[in-house]
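J.: Take a look at the following structure, please.
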Amino acid sequence: MSKRAMDAEKLSAVLLTIEDRRSWDARAELARAIELEQVARDLGDDLLAARARLCQINMRMRRGDVAAAAEQIWHVHQWAVEHDARQLLARTHLIWSAIHLHLGDAEQGLEHAVLSVELLDDESTEHMHVWHRTKLADALYFADDMETARVRYAQAEEIALRAGSPALLCMLNNYAYAESCSGNRQRAGEVVDRLQQLALDWNTPLEPAFLDTIGSVQVSNGQYARAEATMQTCIERYAEGQWDDANAMAQYLVTLAQAQRGLGQHDEAQASLDKALQECRSRDLGESLVRAHREQAELHAARGDFAAAFTAHQAFFKVYHRQQSLKREARARTRQAMFETTEARQEAERFREQARRDPLTGLHNRRYVDERLPDLIRTDPALTVALVDLDHFKQINDQLSHDIGDQVLVRVAQVLTREVAAACSDGFVARMGGEEFLVVLPGTEVPSATAHLDGIRLTIRNQHWSPITQHLPVTVSIGVAGLVDAPEDAQAPLLSTADSHLYAAKHGGRDRVVSGTGLRGCIGHPSAA
């Protein structure tokens, strides 16, 4: 194995650790993914570069820059589609689903989540099989279809158990959260019990975020003492410094305050809440501040201080509406970024298509041929091509005018396009320059192609040309070549063979079709010279 191949293999493994591992430090992983993209470009490996770019998009989204993620994901998606990178495409749809769910578009979020699962195959990692189904279940929950979501959570759990995947812990966390938010407290309690038991069986300490979910479910089920113990463990574990989430501690303190309020420990709850409010204000944590003010109102009410509860409730509504306004602005920025990116992409595609079209006839041009034909040569052994050249076209230009010549070229292009589409739905016509055209017929053996092309020759000759060319006839000579005729399976030899057959048609009297299997045409036609 070459050094370059070994480097690419090593880089792929490093990228996989970002793709298939949960990391709390999105800032560090973003910087790392940017460096890895440059390494991939230095290696000349576009797939690895696209994977690194998608990792960056994911980390930007996790850091809250959803607009940048939405703006950039189009490019990775387009590359994955054009290069049939199925696994990359599956990962792209997963992140796209998260972007739409952030925008509150549950329908689009679900659509992308479905695609992210449909694209899974034997090449997909175990983590993808578990996590993509988990996120599909999450999308179904957001789309208010909890019944179907349970089916997908169960599928993810079965696969994860069979594979011993650590993603099972996160899947159970999401499942418990969805059941709790849907008001199914008993089911949520059963799921967190499974989550805790699994962590014990695997001797794996639960992440603080998972403990917060467990604590919240225990609070909703009235298990306040258990919830307090869970949240004390959660906060101690967070203090170890492994978890880089600025919003986390404030959330954990609010959940602890809820448990303490449930136990009647109002002073302890207030102390926890004061710390949470301080965290929110020092870090400008809008979402957590909303939750903290709401809990403050509940705590005042539990103490019987309803005037203070009313004041706290007013503060809650104020920060709530402010946060909703900020969310709407952020969503508007994201939607605008998506719209502008879509516009730019459509404009780029329009210019790209224009660059691959002949402006006079509207046919594809040589650039398009150079992009499309090599793939057909590589994948289609029954491919046949033909060079079509107008006979005595110089006479039309010289005796009538170049404008008349252009009209003839446009009419011939229309006939070729119509007849080729009828003969071969996958075929296409290109103008190679001047009065020469290329016909490409995928999946068509030379004898059948030659018969079709001879019919096209006759159709062109029998057009009602006199209103355009007066007394001058319009005929074509055609040289046909299949891959079986070419000395090697490559574009230049194939077109060279077709050109030699075209030369034979011209020197054999014109208005005829010549292929490696023989000659078709009209000998003695007035246009022959």
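By order in the structure tokens, chains are A, B, ...; within a chain, residues start at 1; ligands start at 1, following the order shown.
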Residues of region 231-461 of chain A classed as strand (DSSP E or B) by DSSP on the backbone are to be reported as a list in words.
T.: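 So, restricting region 231-461 of chain A to strand (DSSP E or B), we get Arg357, His364, Thr384, Val385, Ala386, Leu387, Val388, Asp389, Leu390, Phe428, Val429, Ala430, Arg431, Met432, Gly433, Glu436, Phe437, Leu438, Val439, Val440 and Leu441 of chain A.
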J.: Calculate how many Å separate CA of Gln399 (chain A) from CA of Arg457 (chain A), rounding to one decimal.
T.: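 Computing the Euclidean distance for CA of Gln399 (chain A) and CA of Arg457 (chain A) yields 23.4 Å.
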J.: Using 10 Å as the limit and counting only C-alpha atoms, can you tabulate each residue of region 447-492 of chain A that touches region 402-409 of chain A, with its shortest atom-to-atom distance in Å and the two atoms involved, as a Markdown table?
T.:
| residue | atom | partner | partner_atom | distance |
| --- | --- | --- | --- | --- |
| A:Trp465 | CA | A:Val408 | CA | 8.5 |
| A:Ile468 | CA | A:Ile404 | CA | 6.8 |
| A:Thr469 | CA | A:Ile404 | CA | 7.1 |
| A:Val474 | CA | A:Val408 | CA | 8.2 |
J.: Would you compute the distance between CA of Arg367 (chain A) and CA of Leu458 (chain A)? Give it in Å to one decimal.
T.: 29.0 Å
